[in-house]
file entry_33.cif (mmCIF, C-alpha atoms (C1' of nucleotides))
data_structure
loop_
_atom_site.label_atom_id
_atom_site.label_comp_id
_atom_site.auth_asym_id
_atom_site.auth_seq_id
_atom_site.Cartn_x
_atom_site.Cartn_y
_atom_site.Cartn_z
CA MET A 1 43.59 127.35 109.53
CA SER A 2 40.55 125.08 109.55
CA ALA A 3 40.10 122.20 111.95
CA CYS A 4 40.23 119.88 108.98
CA ALA A 5 43.61 121.10 107.76
CA THR A 6 45.01 120.79 111.27
CA ALA A 7 43.78 117.23 111.59
CA SER A 8 45.39 116.21 108.33
CA ALA A 9 48.64 117.89 109.36
CA ASP A 10 48.53 115.81 112.56
CA ALA A 11 47.93 112.72 110.47
CA ALA A 12 50.94 113.50 108.30
CA ARG A 13 53.04 113.97 111.40
CA ALA A 14 51.92 110.66 112.89
CA ARG A 15 52.87 108.86 109.68
CA LEU A 16 56.22 110.64 109.58
CA ARG A 17 56.89 109.59 113.16
CA LEU A 18 56.10 106.00 112.22
CA TRP A 19 58.53 106.16 109.31
CA ILE A 20 61.32 107.63 111.44
CA ARG A 21 60.88 104.94 114.09
CA MET A 22 60.83 102.20 111.52
CA LEU A 23 63.96 103.54 109.86
CA ARG A 24 65.85 103.91 113.11
CA LEU A 25 64.89 100.45 114.32
CA THR A 26 65.76 98.88 110.98
CA ARG A 27 69.17 100.52 111.03
CA ALA A 28 69.86 99.42 114.57
CA ILE A 29 68.98 95.84 113.71
CA GLU A 30 71.02 95.94 110.52
CA SER A 31 74.03 97.19 112.47
CA GLU A 32 73.69 94.35 114.93
CA LEU A 33 73.34 91.73 112.22
CA ARG A 34 76.24 93.17 110.21
CA GLU A 35 78.45 93.12 113.28
CA ASN A 36 77.49 89.52 114.04
CA LEU A 37 78.10 88.39 110.48
CA ARG A 38 81.47 90.10 110.47
CA THR A 39 82.77 88.75 113.76
CA GLU A 40 81.37 85.24 113.50
CA PHE A 41 81.54 84.53 109.78
CA SER A 42 83.75 87.23 108.23
CA ALA A 43 80.78 87.97 106.00
CA THR A 44 78.88 91.10 105.09
CA LEU A 45 75.18 91.86 104.86
CA PRO A 46 75.13 92.33 101.07
CA ARG A 47 76.86 89.01 100.57
CA PHE A 48 74.42 87.35 102.95
CA ASP A 49 71.49 88.89 101.08
CA VAL A 50 72.72 87.65 97.71
CA MET A 51 73.33 84.18 99.09
CA ALA A 52 69.90 84.13 100.72
CA ALA A 53 68.26 84.97 97.41
CA LEU A 54 70.21 82.26 95.61
CA TYR A 55 69.37 79.77 98.35
CA ARG A 56 65.71 80.53 97.86
CA PHE A 57 66.01 79.90 94.12
CA PRO A 58 68.28 76.86 93.93
CA ARG A 59 67.92 76.50 90.16
CA GLY A 60 69.75 79.79 89.83
CA MET A 61 68.85 83.35 88.89
CA ILE A 62 70.00 85.67 86.19
CA LEU A 63 71.62 88.85 87.42
CA SER A 64 68.72 91.13 86.59
CA GLU A 65 66.28 88.89 88.50
CA LEU A 66 68.65 89.08 91.43
CA SER A 67 68.87 92.85 91.27
CA ARG A 68 65.09 93.25 91.01
CA TYR A 69 64.55 90.87 93.90
CA LEU A 70 67.07 92.58 96.15
CA MET A 71 66.02 96.05 95.00
CA VAL A 72 69.55 97.12 94.21
CA SER A 73 71.15 98.30 90.99
CA ASN A 74 72.53 96.01 88.32
CA GLY A 75 76.07 97.21 88.70
CA ASN A 76 75.89 96.58 92.40
CA VAL A 77 74.94 92.93 91.93
CA THR A 78 77.74 92.45 89.42
CA GLY A 79 80.30 93.52 91.99
CA ILE A 80 78.99 91.46 94.90
CA VAL A 81 78.61 88.35 92.73
CA ASN A 82 82.12 88.80 91.33
CA ARG A 83 83.55 88.76 94.84
CA LEU A 84 81.43 85.74 95.81
CA VAL A 85 82.58 83.90 92.69
CA SER A 86 86.23 84.60 93.40
CA ASP A 87 85.67 83.20 96.90
CA GLY A 88 84.17 80.01 95.44
CA LEU A 89 80.74 80.54 97.01
CA VAL A 90 78.82 81.24 93.80
CA GLU A 91 79.08 79.82 90.30
CA ARG A 92 78.38 81.59 87.03
CA THR A 93 77.15 79.54 84.12
CA ARG A 94 76.65 81.16 80.74
CA ARG A 95 74.46 78.46 79.25
CA GLY A 96 71.07 78.69 77.61
CA GLY A 97 69.90 80.14 74.34
CA ASP A 98 70.13 83.80 75.30
CA ARG A 99 73.80 84.68 75.29
CA ARG A 100 73.23 87.99 77.08
CA THR A 101 72.28 86.31 80.34
CA THR A 102 74.40 84.83 83.09
CA VAL A 103 72.88 82.33 85.48
CA VAL A 104 74.35 82.40 88.98
CA ARG A 105 73.78 79.86 91.75
CA LEU A 106 75.30 78.83 95.03
CA SER A 107 78.18 76.36 94.83
CA GLU A 108 78.10 73.35 97.12
CA HIS A 109 80.45 75.17 99.45
CA GLY A 110 78.30 78.30 99.20
CA THR A 111 75.16 76.35 100.11
CA ALA A 112 76.76 74.83 103.20
CA SER A 113 78.23 78.17 104.19
CA PHE A 114 74.88 79.91 103.81
CA GLU A 115 73.00 77.27 105.80
CA SER A 116 75.36 77.74 108.67
CA MET A 117 74.96 81.52 108.58
CA ALA A 118 71.20 81.28 108.17
CA ARG A 119 70.80 79.24 111.33
CA ALA A 120 72.71 81.83 113.32
CA HIS A 121 70.88 84.68 111.61
CA GLU A 122 67.48 83.26 112.48
CA SER A 123 68.42 82.92 116.10
CA TRP A 124 69.78 86.49 116.26
CA VAL A 125 66.53 87.82 114.84
CA ASN A 126 64.53 85.63 117.16
CA GLY A 127 66.39 87.14 120.10
CA ILE A 128 65.96 90.70 118.88
CA PHE A 129 62.19 90.30 118.60
CA ALA A 130 61.87 88.09 121.67
CA ASN A 131 59.46 90.44 123.41
CA LEU A 132 56.92 90.08 120.61
CA THR A 133 54.77 86.97 120.69
CA PRO A 134 54.52 85.08 117.40
CA GLY A 135 50.96 86.35 117.07
CA GLU A 136 52.05 89.95 117.50
CA ALA A 137 54.84 89.42 115.01
CA GLU A 138 52.37 88.09 112.45
CA THR A 139 49.94 90.95 113.02
CA LEU A 140 52.70 93.47 112.59
CA ALA A 141 53.99 91.77 109.46
CA ALA A 142 50.48 91.79 108.01
CA ARG A 143 50.13 95.53 108.66
CA LEU A 144 53.45 96.28 107.00
CA ARG A 145 52.36 94.35 103.95
CA GLN A 146 49.39 96.66 103.50
CA THR A 147 51.67 99.61 102.85
CA SER A 148 51.51 100.80 99.27
CA LEU A 149 55.21 100.46 98.52
CA TYR A 150 55.56 96.95 99.91
CA PRO A 151 57.46 95.14 97.17
CA ARG A 152 55.57 92.31 95.54
CA VAL A 153 57.80 89.76 93.90
CA ALA A 154 56.85 88.56 90.47
CA PRO A 155 56.42 84.77 90.69
CA MET B 1 61.11 66.59 118.11
CA SER B 2 58.79 67.63 120.90
CA ALA B 3 55.73 69.80 120.38
CA CYS B 4 57.43 72.45 122.46
CA ALA B 5 60.53 72.63 120.27
CA THR B 6 58.36 72.80 117.17
CA ALA B 7 56.35 75.67 118.58
CA SER B 8 59.44 77.68 119.37
CA ALA B 9 60.81 77.00 115.90
CA ASP B 10 57.55 78.36 114.49
CA ALA B 11 57.90 81.40 116.72
CA ALA B 12 61.42 82.01 115.45
CA ARG B 13 60.20 81.74 111.88
CA ALA B 14 57.35 84.19 112.48
CA ARG B 15 59.81 86.70 113.90
CA LEU B 16 62.18 86.15 110.99
CA ARG B 17 59.32 86.75 108.56
CA LEU B 18 58.53 89.99 110.35
CA TRP B 19 62.12 91.13 110.06
CA ILE B 20 62.32 90.30 106.36
CA ARG B 21 59.11 92.19 105.64
CA MET B 22 60.25 95.17 107.61
CA LEU B 23 63.61 95.21 105.86
CA ARG B 24 62.10 94.93 102.40
CA LEU B 25 59.52 97.63 103.06
CA THR B 26 62.12 99.95 104.55
CA ARG B 27 64.35 99.50 101.53
CA ALA B 28 61.53 100.15 99.12
CA ILE B 29 60.61 103.36 100.93
CA GLU B 30 64.23 104.45 101.14
CA SER B 31 64.61 103.93 97.39
CA GLU B 32 61.56 106.05 96.71
CA LEU B 33 62.70 108.84 99.01
CA ARG B 34 66.25 108.78 97.63
CA GLU B 35 64.91 109.02 94.10
CA ASN B 36 62.66 111.95 95.02
CA LEU B 37 65.44 113.79 96.82
CA ARG B 38 67.72 113.30 93.85
CA THR B 39 65.33 114.42 91.13
CA GLU B 40 63.68 117.28 92.99
CA PHE B 41 66.51 118.62 95.13
CA SER B 42 69.74 117.08 93.80
CA ALA B 43 70.25 115.81 97.35
CA THR B 44 71.02 112.43 98.86
CA LEU B 45 69.59 110.55 101.81
CA PRO B 46 72.75 110.74 103.94
CA ARG B 47 72.96 114.48 103.43
CA PHE B 48 69.27 114.83 104.28
CA ASP B 49 69.76 112.78 107.44
CA VAL B 50 72.67 114.90 108.62
CA MET B 51 70.78 118.10 107.93
CA ALA B 52 67.69 116.77 109.72
CA ALA B 53 69.77 116.01 112.80
CA LEU B 54 71.33 119.48 112.76
CA TYR B 55 67.92 121.07 112.25
CA ARG B 56 66.68 119.26 115.33
CA PHE B 57 69.62 120.58 117.35
CA PRO B 58 69.94 124.17 116.17
CA ARG B 59 72.65 125.04 118.69
CA GLY B 60 74.91 122.62 116.87
CA MET B 61 76.35 119.19 117.52
CA ILE B 62 79.84 117.86 117.78
CA LEU B 63 80.71 115.20 115.26
CA SER B 64 80.64 112.30 117.66
CA GLU B 65 77.15 113.25 118.88
CA LEU B 66 76.08 113.33 115.26
CA SER B 67 77.54 109.92 114.53
CA ARG B 68 75.94 108.38 117.64
CA TYR B 69 72.59 109.94 116.80
CA LEU B 70 72.64 108.76 113.19
CA MET B 71 74.15 105.40 114.11
CA VAL B 72 76.93 105.68 111.56
CA SER B 73 80.69 105.63 111.97
CA ASN B 74 82.79 108.66 112.82
CA GLY B 75 84.70 108.63 109.57
CA ASN B 76 81.45 108.54 107.64
CA VAL B 77 80.15 111.68 109.30
CA THR B 78 83.43 113.48 108.62
CA GLY B 79 83.04 112.88 104.89
CA ILE B 80 79.37 113.87 104.62
CA VAL B 81 79.89 116.99 106.71
CA ASN B 82 82.92 117.97 104.63
CA ARG B 83 80.85 117.87 101.48
CA LEU B 84 78.01 119.82 103.10
CA VAL B 85 80.49 122.44 104.30
CA SER B 86 82.00 122.85 100.86
CA ASP B 87 78.49 123.38 99.51
CA GLY B 88 77.85 126.09 102.10
CA LEU B 89 75.01 124.24 103.84
CA VAL B 90 76.83 123.52 107.10
CA GLU B 91 79.30 125.54 109.16
CA ARG B 92 82.12 124.21 111.32
CA THR B 93 83.17 126.25 114.31
CA ARG B 94 86.14 125.18 116.35
CA ARG B 95 85.40 127.28 119.39
CA GLY B 96 85.03 126.32 123.00
CA GLY B 97 87.48 125.12 125.59
CA ASP B 98 88.00 121.62 124.23
CA ARG B 99 90.15 121.97 121.16
CA ARG B 100 89.52 118.39 120.09
CA THR B 101 85.89 119.05 119.22
CA THR B 102 84.30 120.62 116.18
CA VAL B 103 80.80 122.03 116.46
CA VAL B 104 78.76 121.82 113.26
CA ARG B 105 75.46 123.53 112.56
CA LEU B 106 73.29 124.41 109.60
CA SER B 107 74.09 127.67 107.87
CA GLU B 108 71.26 130.06 107.11
CA HIS B 109 71.18 128.72 103.59
CA GLY B 110 71.30 125.15 104.90
CA THR B 111 68.35 125.80 107.20
CA ALA B 112 66.20 127.21 104.42
CA SER B 113 67.23 124.40 102.09
CA PHE B 114 66.39 121.77 104.69
CA GLU B 115 62.99 123.28 105.48
CA SER B 116 62.05 123.12 101.86
CA MET B 117 63.15 119.48 101.59
CA ALA B 118 61.49 118.56 104.86
CA ARG B 119 58.08 119.80 103.70
CA ALA B 120 58.33 117.66 100.58
CA HIS B 121 59.68 114.72 102.54
CA GLU B 122 56.78 114.79 104.98
CA SER B 123 54.26 114.79 102.18
CA TRP B 124 55.98 111.88 100.42
CA VAL B 125 55.90 109.83 103.61
CA ASN B 126 52.31 110.84 104.23
CA GLY B 127 51.41 109.53 100.79
CA ILE B 128 53.31 106.28 101.23
CA PHE B 129 51.47 105.49 104.47
CA ALA B 130 48.15 106.93 103.30
CA ASN B 131 46.29 103.67 103.85
CA LEU B 132 47.12 103.64 107.54
CA THR B 133 44.96 105.82 109.73
CA PRO B 134 46.85 108.08 112.16
CA GLY B 135 45.71 105.79 114.97
CA GLU B 136 47.07 102.71 113.24
CA ALA B 137 50.33 104.55 112.55
CA GLU B 138 50.67 105.43 116.22
CA THR B 139 49.91 101.89 117.34
CA LEU B 140 52.47 100.50 114.96
CA ALA B 141 55.07 103.04 116.04
CA ALA B 142 54.46 102.15 119.66
CA ARG B 143 54.95 98.45 118.93
CA LEU B 144 58.22 99.10 117.13
CA ARG B 145 59.48 101.07 120.06
CA GLN B 146 59.06 98.04 122.32
CA THR B 147 61.68 96.13 120.39
CA SER B 148 64.82 95.56 122.36
CA LEU B 149 67.21 97.20 119.92
CA TYR B 150 65.16 100.35 119.41
CA PRO B 151 67.73 103.11 119.81
CA ARG B 152 67.14 105.40 122.74
CA VAL B 153 68.75 108.79 122.32
CA ALA B 154 70.56 110.24 125.28
CA PRO B 155 68.83 113.54 126.13
"C1'" DG C 1 105.36 118.49 136.12
"C1'" DC C 2 104.60 114.49 133.84
"C1'" DA C 3 103.32 109.87 132.40
"C1'" DT C 4 99.39 107.23 131.21
"C1'" DG C 5 95.24 106.57 129.42
"C1'" DA C 6 90.86 108.24 127.48
"C1'" DA C 7 88.29 110.92 124.10
"C1'" DA C 8 87.46 113.52 119.45
"C1'" DT C 9 88.60 113.61 115.05
"C1'" DT C 10 90.80 112.37 110.72
"C1'" DT C 11 92.80 109.26 107.52
"C1'" DC C 12 92.99 105.04 105.13
"C1'" DA C 13 91.89 100.62 102.67
"C1'" DT C 14 88.17 98.09 101.36
"C1'" DG C 15 83.73 97.21 100.01
"C1'" DC C 16 78.93 98.77 98.94
"C1'" DT C 17 75.71 101.68 96.14
"C1'" DT C 18 73.98 104.50 92.76
"C1'" DG C 19 72.93 106.36 88.10
"C1'" DA C 20 74.62 106.82 83.66
"C1'" DA C 21 77.09 105.36 79.70
"C1'" DA C 22 78.92 101.67 76.92
"C1'" DT C 23 78.59 96.90 74.86
"C1'" DA C 24 76.55 93.05 73.26
"C1'" DA C 25 72.68 90.19 72.11
"C1'" DC C 26 67.96 89.62 71.17
"C1'" DT C 27 63.14 90.75 68.90
"C1'" DC C 28 60.15 92.40 65.75
"C1'" DG C 29 58.26 94.84 61.85
"C1'" DC C 30 58.86 95.21 57.37
"C1'" DG D 1 67.81 90.31 55.56
"C1'" DC D 2 67.98 94.42 58.21
"C1'" DG D 3 67.21 98.41 60.93
"C1'" DA D 4 65.06 100.16 65.17
"C1'" DG D 5 64.19 99.45 69.56
"C1'" DT D 6 64.59 96.60 73.77
"C1'" DT D 7 66.98 93.84 77.25
"C1'" DA D 8 71.10 91.94 79.92
"C1'" DT D 9 75.24 92.98 81.55
"C1'" DT D 10 79.45 95.51 82.54
"C1'" DT D 11 82.08 99.56 83.42
"C1'" DC D 12 82.80 103.89 85.48
"C1'" DA D 13 82.93 108.04 88.59
"C1'" DA D 14 81.23 109.70 92.63
"C1'" DG D 15 79.56 109.23 97.04
"C1'" DC D 16 78.48 106.36 101.15
"C1'" DA D 17 79.87 103.12 104.89
"C1'" DT D 18 82.73 100.42 107.78
"C1'" DG D 19 86.54 99.27 111.07
"C1'" DA D 20 91.14 100.13 112.22
"C1'" DA D 21 95.09 102.99 112.76
"C1'" DA D 22 97.06 107.49 113.49
"C1'" DT D 23 96.91 112.21 115.56
"C1'" DT D 24 95.83 115.58 118.65
"C1'" DT D 25 94.00 117.11 122.87
"C1'" DC D 26 92.32 116.49 127.37
"C1'" DA D 27 92.06 114.44 132.23
"C1'" DT D 28 93.86 112.12 136.07
"C1'" DG D 29 97.02 110.07 139.33
"C1'" DC D 30 101.10 110.47 141.25
#

call {"tool": "encode", "arguments": {"input": "entry_33.cif", "output": "structure tokens"}}
result
Amino acid sequence: MSACATASADAARARLRLWIRMLRLTRAIESELRENLRTEFSATLPRFDVMAALYRFPRGMILSELSRYLMVSNGNVTGIVNRLVSDGLVERTRRGGDRRTTVVRLSEHGTASFESMARAHESWVNGIFANLTPGEAETLAARLRQTSLYPRVAP
Amino acid sequence: MSACATASADAARARLRLWIRMLRLTRAIESELRENLRTEFSATLPRFDVMAALYRFPRGMILSELSRYLMVSNGNVTGIVNRLVSDGLVERTRRGGDRRTTVVRLSEHGTASFESMARAHESWVNGIFANLTPGEAETLAARLRQTSLYPRVAP
DNA sequence: GCATGAAATTTCATGCTTGAAATAACTCGC
DNA sequence: GCGAGTTATTTCAAGCATGAAATTTCATGC
């Protein structure tokens, strides 16, 4: 075993440790946020995610844009949107030239509901990361963005 | 709106941005790893996670330790373990004084199978984070650990 | 001894998630 | 026109995930 091979094995292990920490922390935070959404808004994380995407694109998105943006499967989005529609939070409109596509957007009620959740959500996250200064948070975020798999959204 | 309130609103937004980046990156990496596990080993991420935990504790774990460690619900662990047992990768032993508990551990076959997956898994992660030096990876990991919700495992 | 409560696990209903197959609509070459 | 391939969406089976309820076993006080 050469010194070089050992060093690269150590490097691999350091990167694996980073990944495991990141995964565990992400899961812990997701659990906390899911719990908060459930108890305070009777909502779920997937529903919140869909609504957040639609809030960001107020002119509406077609389902495949939504699924690409959220990095989940098409069939998954269909189900979540169906439930949001039957709760009156999201509207489907099948207009436009291409009759394959469905445009979905937040209803008025859905917009108000999301804004209320988003305020709470921001303050939960702010509390969770309270021991990072804004500068540290930005540095960290910049580092994460350098990772090869970081998802770039098509504009 | 005072300058102070504006600054703290900016701080909250920086922390929120960090969280969103971290979540998106984690999901992208999870997708990649899930896909690799599926195509190369016909395995899933939850199964890999359970096997990794059992590999780390070769003397076995009871189900509630496993669910605490993986941060998933009890009923969830029951299902995943059941499937692993019926595939011969995990063994249940209902020995010991306390007849409420079930001890689960990797079978010989499960151990070999996990070791093979773990080697591949480490090299995938190593590739994903290739543009971070080991030092940068360690610094990042240390920062993540400072976050309030980072899960500390009971020894 | 025995009641009362706590702990470990399972079961259940519901919802999320995937990948694959099926359907329908569009595009493009010819 | 029209056939071949592509794209958008839905449907489906299987597995994952949760929280709550039910079951069994243990521990403790009395």

call {"tool": "atom_distance", "arguments": {"input": "entry_33.cif", "atom1": "CA of Ser148 in chain B", "atom2": "CA of Ile128 in chain A"}}
result
6.1 Å

call {"tool": "closest_residue", "arguments": {"input": "entry_33.cif", "among": "A:Asn74, A:Val103, A:Ser116, A:Thr39", "to": "DT11 in chain D", "atoms": "all atoms listed in the file"}}
result
A:Asn74

call {"tool": "residues_around", "arguments": {"input": "entry_33.cif", "residues": "range 15-26 of chain D", "least_positions_apart": "2", "cutoff": "9 Å", "atoms": "only C-alpha atoms (C1' of nucleotides)", "output": "list in words"}}
result
Pro46, Val72, Ser73, Gly75, Asn76, Gly79, Ile80, Asp98, Arg99 and Arg100 of chain B; DA6, DA7, DA8, DT9, DT10, DT11, DC12, DT14, DG15, DC16, DT17 and DT18 of chain C

call {"tool": "calpha_fit_and_write", "arguments": {"input": "entry_33.cif", "fixed": "chain B", "moving": "chain A", "output": "tab-separated table (two decimals) with C-alpha atoms, in the frame of the given file"}}
result
chain	number	residue	atom	x	y	z
A	1	MET	CA	61.17	66.55	118.22
A	2	SER	CA	58.88	67.67	121.02
A	3	ALA	CA	55.81	69.80	120.48
A	4	CYS	CA	57.49	72.51	122.49
A	5	ALA	CA	60.58	72.67	120.30
A	6	THR	CA	58.40	72.82	117.20
A	7	ALA	CA	56.37	75.68	118.61
A	8	SER	CA	59.46	77.70	119.38
A	9	ALA	CA	60.84	77.01	115.91
A	10	ASP	CA	57.56	78.37	114.50
A	11	ALA	CA	57.92	81.41	116.71
A	12	ALA	CA	61.44	82.02	115.44
A	13	ARG	CA	60.19	81.73	111.89
A	14	ALA	CA	57.36	84.20	112.48
A	15	ARG	CA	59.83	86.73	113.89
A	16	LEU	CA	62.19	86.17	110.97
A	17	ARG	CA	59.34	86.76	108.55
A	18	LEU	CA	58.53	90.00	110.33
A	19	TRP	CA	62.14	91.13	110.05
A	20	ILE	CA	62.34	90.30	106.34
A	21	ARG	CA	59.13	92.21	105.62
A	22	MET	CA	60.27	95.19	107.61
A	23	LEU	CA	63.63	95.23	105.85
A	24	ARG	CA	62.12	94.94	102.40
A	25	LEU	CA	59.55	97.65	103.05
A	26	THR	CA	62.15	99.96	104.56
A	27	ARG	CA	64.38	99.52	101.53
A	28	ALA	CA	61.55	100.17	99.12
A	29	ILE	CA	60.63	103.37	100.93
A	30	GLU	CA	64.25	104.47	101.13
A	31	SER	CA	64.63	103.95	97.39
A	32	GLU	CA	61.58	106.06	96.72
A	33	LEU	CA	62.72	108.85	99.02
A	34	ARG	CA	66.27	108.79	97.62
A	35	GLU	CA	64.93	109.03	94.09
A	36	ASN	CA	62.67	111.94	95.03
A	37	LEU	CA	65.46	113.79	96.80
A	38	ARG	CA	67.74	113.29	93.83
A	39	THR	CA	65.34	114.41	91.12
A	40	GLU	CA	63.70	117.27	92.98
A	41	PHE	CA	66.53	118.62	95.12
A	42	SER	CA	69.76	117.08	93.79
A	43	ALA	CA	70.26	115.81	97.33
A	44	THR	CA	71.03	112.44	98.83
A	45	LEU	CA	69.57	110.58	101.79
A	46	PRO	CA	72.72	110.77	103.94
A	47	ARG	CA	72.93	114.50	103.42
A	48	PHE	CA	69.25	114.86	104.27
A	49	ASP	CA	69.75	112.79	107.43
A	50	VAL	CA	72.66	114.92	108.61
A	51	MET	CA	70.75	118.11	107.91
A	52	ALA	CA	67.69	116.77	109.71
A	53	ALA	CA	69.76	116.03	112.79
A	54	LEU	CA	71.32	119.48	112.74
A	55	TYR	CA	67.90	121.07	112.25
A	56	ARG	CA	66.67	119.26	115.32
A	57	PHE	CA	69.60	120.58	117.36
A	58	PRO	CA	69.93	124.18	116.18
A	59	ARG	CA	72.64	125.04	118.71
A	60	GLY	CA	74.90	122.62	116.88
A	61	MET	CA	76.34	119.17	117.53
A	62	ILE	CA	79.82	117.84	117.78
A	63	LEU	CA	80.69	115.20	115.24
A	64	SER	CA	80.61	112.28	117.64
A	65	GLU	CA	77.12	113.25	118.86
A	66	LEU	CA	76.05	113.34	115.24
A	67	SER	CA	77.51	109.93	114.52
A	68	ARG	CA	75.92	108.38	117.61
A	69	TYR	CA	72.57	109.93	116.78
A	70	LEU	CA	72.61	108.77	113.17
A	71	MET	CA	74.11	105.40	114.09
A	72	VAL	CA	76.89	105.67	111.55
A	73	SER	CA	80.65	105.64	111.93
A	74	ASN	CA	82.75	108.67	112.77
A	75	GLY	CA	84.64	108.63	109.52
A	76	ASN	CA	81.39	108.53	107.63
A	77	VAL	CA	80.10	111.70	109.28
A	78	THR	CA	83.38	113.48	108.58
A	79	GLY	CA	82.98	112.87	104.87
A	80	ILE	CA	79.33	113.87	104.58
A	81	VAL	CA	79.86	117.01	106.67
A	82	ASN	CA	82.91	117.96	104.61
A	83	ARG	CA	80.83	117.87	101.44
A	84	LEU	CA	78.00	119.83	103.09
A	85	VAL	CA	80.48	122.44	104.29
A	86	SER	CA	82.00	122.85	100.85
A	87	ASP	CA	78.48	123.38	99.51
A	88	GLY	CA	77.85	126.11	102.09
A	89	LEU	CA	75.02	124.24	103.83
A	90	VAL	CA	76.82	123.52	107.10
A	91	GLU	CA	79.29	125.52	109.16
A	92	ARG	CA	82.11	124.20	111.31
A	93	THR	CA	83.14	126.21	114.32
A	94	ARG	CA	86.11	125.11	116.40
A	95	ARG	CA	85.31	127.18	119.47
A	96	GLY	CA	84.96	126.15	123.09
A	97	GLY	CA	87.44	124.98	125.66
A	98	ASP	CA	87.97	121.48	124.30
A	99	ARG	CA	90.14	121.84	121.23
A	100	ARG	CA	89.48	118.27	120.08
A	101	THR	CA	85.86	118.98	119.24
A	102	THR	CA	84.27	120.57	116.21
A	103	VAL	CA	80.78	122.00	116.47
A	104	VAL	CA	78.76	121.82	113.26
A	105	ARG	CA	75.44	123.53	112.54
A	106	LEU	CA	73.27	124.42	109.61
A	107	SER	CA	74.10	127.68	107.85
A	108	GLU	CA	71.27	130.07	107.10
A	109	HIS	CA	71.19	128.74	103.56
A	110	GLY	CA	71.30	125.17	104.89
A	111	THR	CA	68.35	125.82	107.20
A	112	ALA	CA	66.21	127.23	104.39
A	113	SER	CA	67.25	124.42	102.08
A	114	PHE	CA	66.40	121.78	104.67
A	115	GLU	CA	63.01	123.30	105.47
A	116	SER	CA	62.07	123.13	101.85
A	117	MET	CA	63.16	119.50	101.57
A	118	ALA	CA	61.49	118.58	104.85
A	119	ARG	CA	58.11	119.81	103.69
A	120	ALA	CA	58.33	117.68	100.57
A	121	HIS	CA	59.68	114.73	102.54
A	122	GLU	CA	56.79	114.80	104.99
A	123	SER	CA	54.28	114.81	102.20
A	124	TRP	CA	55.99	111.90	100.41
A	125	VAL	CA	55.90	109.85	103.60
A	126	ASN	CA	52.32	110.85	104.22
A	127	GLY	CA	51.41	109.54	100.78
A	128	ILE	CA	53.31	106.30	101.22
A	129	PHE	CA	51.48	105.50	104.46
A	130	ALA	CA	48.16	106.93	103.32
A	131	ASN	CA	46.30	103.67	103.83
A	132	LEU	CA	47.12	103.66	107.54
A	133	THR	CA	44.96	105.85	109.74
A	134	PRO	CA	46.85	108.09	112.16
A	135	GLY	CA	45.71	105.82	114.97
A	136	GLU	CA	47.08	102.74	113.24
A	137	ALA	CA	50.32	104.56	112.55
A	138	GLU	CA	50.67	105.44	116.23
A	139	THR	CA	49.90	101.89	117.35
A	140	LEU	CA	52.46	100.51	114.97
A	141	ALA	CA	55.07	103.04	116.04
A	142	ALA	CA	54.44	102.14	119.67
A	143	ARG	CA	54.95	98.43	118.94
A	144	LEU	CA	58.21	99.09	117.12
A	145	ARG	CA	59.46	101.05	120.09
A	146	GLN	CA	59.05	98.02	122.32
A	147	THR	CA	61.68	96.12	120.38
A	148	SER	CA	64.84	95.57	122.37
A	149	LEU	CA	67.21	97.20	119.92
A	150	TYR	CA	65.15	100.35	119.43
A	151	PRO	CA	67.72	103.11	119.81
A	152	ARG	CA	67.15	105.42	122.74
A	153	VAL	CA	68.77	108.79	122.35
A	154	ALA	CA	70.64	110.18	125.30
A	155	PRO	CA	69.02	113.54	126.16

call {"tool": "resolve_selection", "arguments": {"input": "entry_33.cif", "expression": "the PyMOL selection byres ((chain D) within 9 of (chain A))", "output": "VMD selection string"}}
result
chain D and resid 7 to 11

call {"tool": "resolve_selection", "arguments": {"input": "entry_33.cif", "expression": "the PyMOL selection byres ((chain B and resi 70) around 8)", "output": "list in words"}}
result
Asp49, Val50, Ala53, Leu66, Ser67, Arg68, Tyr69, Met71 and Val72 of chain B

call {"tool": "resolve_selection", "arguments": {"input": "entry_33.cif", "expression": "the PyMOL selection byres ((chain A) within 6 of (chain B))", "output": "PDB file with C-alpha atoms, in the frame of the given file"}}
result
ATOM      1  CA  ALA A  11      47.930 112.720 110.470  1.00  0.00           C
ATOM      2  CA  ALA A  12      50.940 113.500 108.300  1.00  0.00           C
ATOM      3  CA  ALA A  14      51.920 110.660 112.890  1.00  0.00           C
ATOM      4  CA  ARG A  15      52.870 108.860 109.680  1.00  0.00           C
ATOM      5  CA  LEU A  18      56.100 106.000 112.220  1.00  0.00           C
ATOM      6  CA  LEU A  25      64.890 100.450 114.320  1.00  0.00           C
ATOM      7  CA  ASN A 126      64.530  85.630 117.160  1.00  0.00           C
ATOM      8  CA  PRO A 134      54.520  85.080 117.400  1.00  0.00           C
ATOM      9  CA  ALA A 137      54.840  89.420 115.010  1.00  0.00           C
ATOM     10  CA  ALA A 141      53.990  91.770 109.460  1.00  0.00           C
ATOM     11  CA  TYR A 150      55.560  96.950  99.910  1.00  0.00           C
TER      12      TYR A 150
END

call {"tool": "atom_distance", "arguments": {"input": "entry_33.cif", "atom1": "C1' of DG1 in chain D", "atom2": "C1' of DT27 in chain C"}}
result
14.1 Å

call {"tool": "atom_distance", "arguments": {"input": "entry_33.cif", "atom1": "CA of Ser113 in chain A", "atom2": "CA of Gly96 in chain A"}}
result
27.5 Å

call {"tool": "decode", "arguments": {"input": "entry_33.cif", "residues": "range 3-11 of chain C", "atoms": "C-alpha atoms (C1' of nucleotides)", "output": "CSV table (one decimal), in the first residue's frame"}}
result
chain,number,residue,atom,x,y,z
C,3,DA,C1',-52.9,-2.7,39.9
C,4,DT,C1',-50.9,0.9,37.3
C,5,DG,C1',-48.1,2.8,34.2
C,6,DA,C1',-44.2,2.6,31.1
C,7,DA,C1',-41.7,0.5,27.2
C,8,DA,C1',-41.1,-2.5,22.7
C,9,DT,C1',-43.2,-3.9,19.0
C,10,DT,C1',-46.8,-4.4,15.5
C,11,DT,C1',-50.8,-3.0,13.0
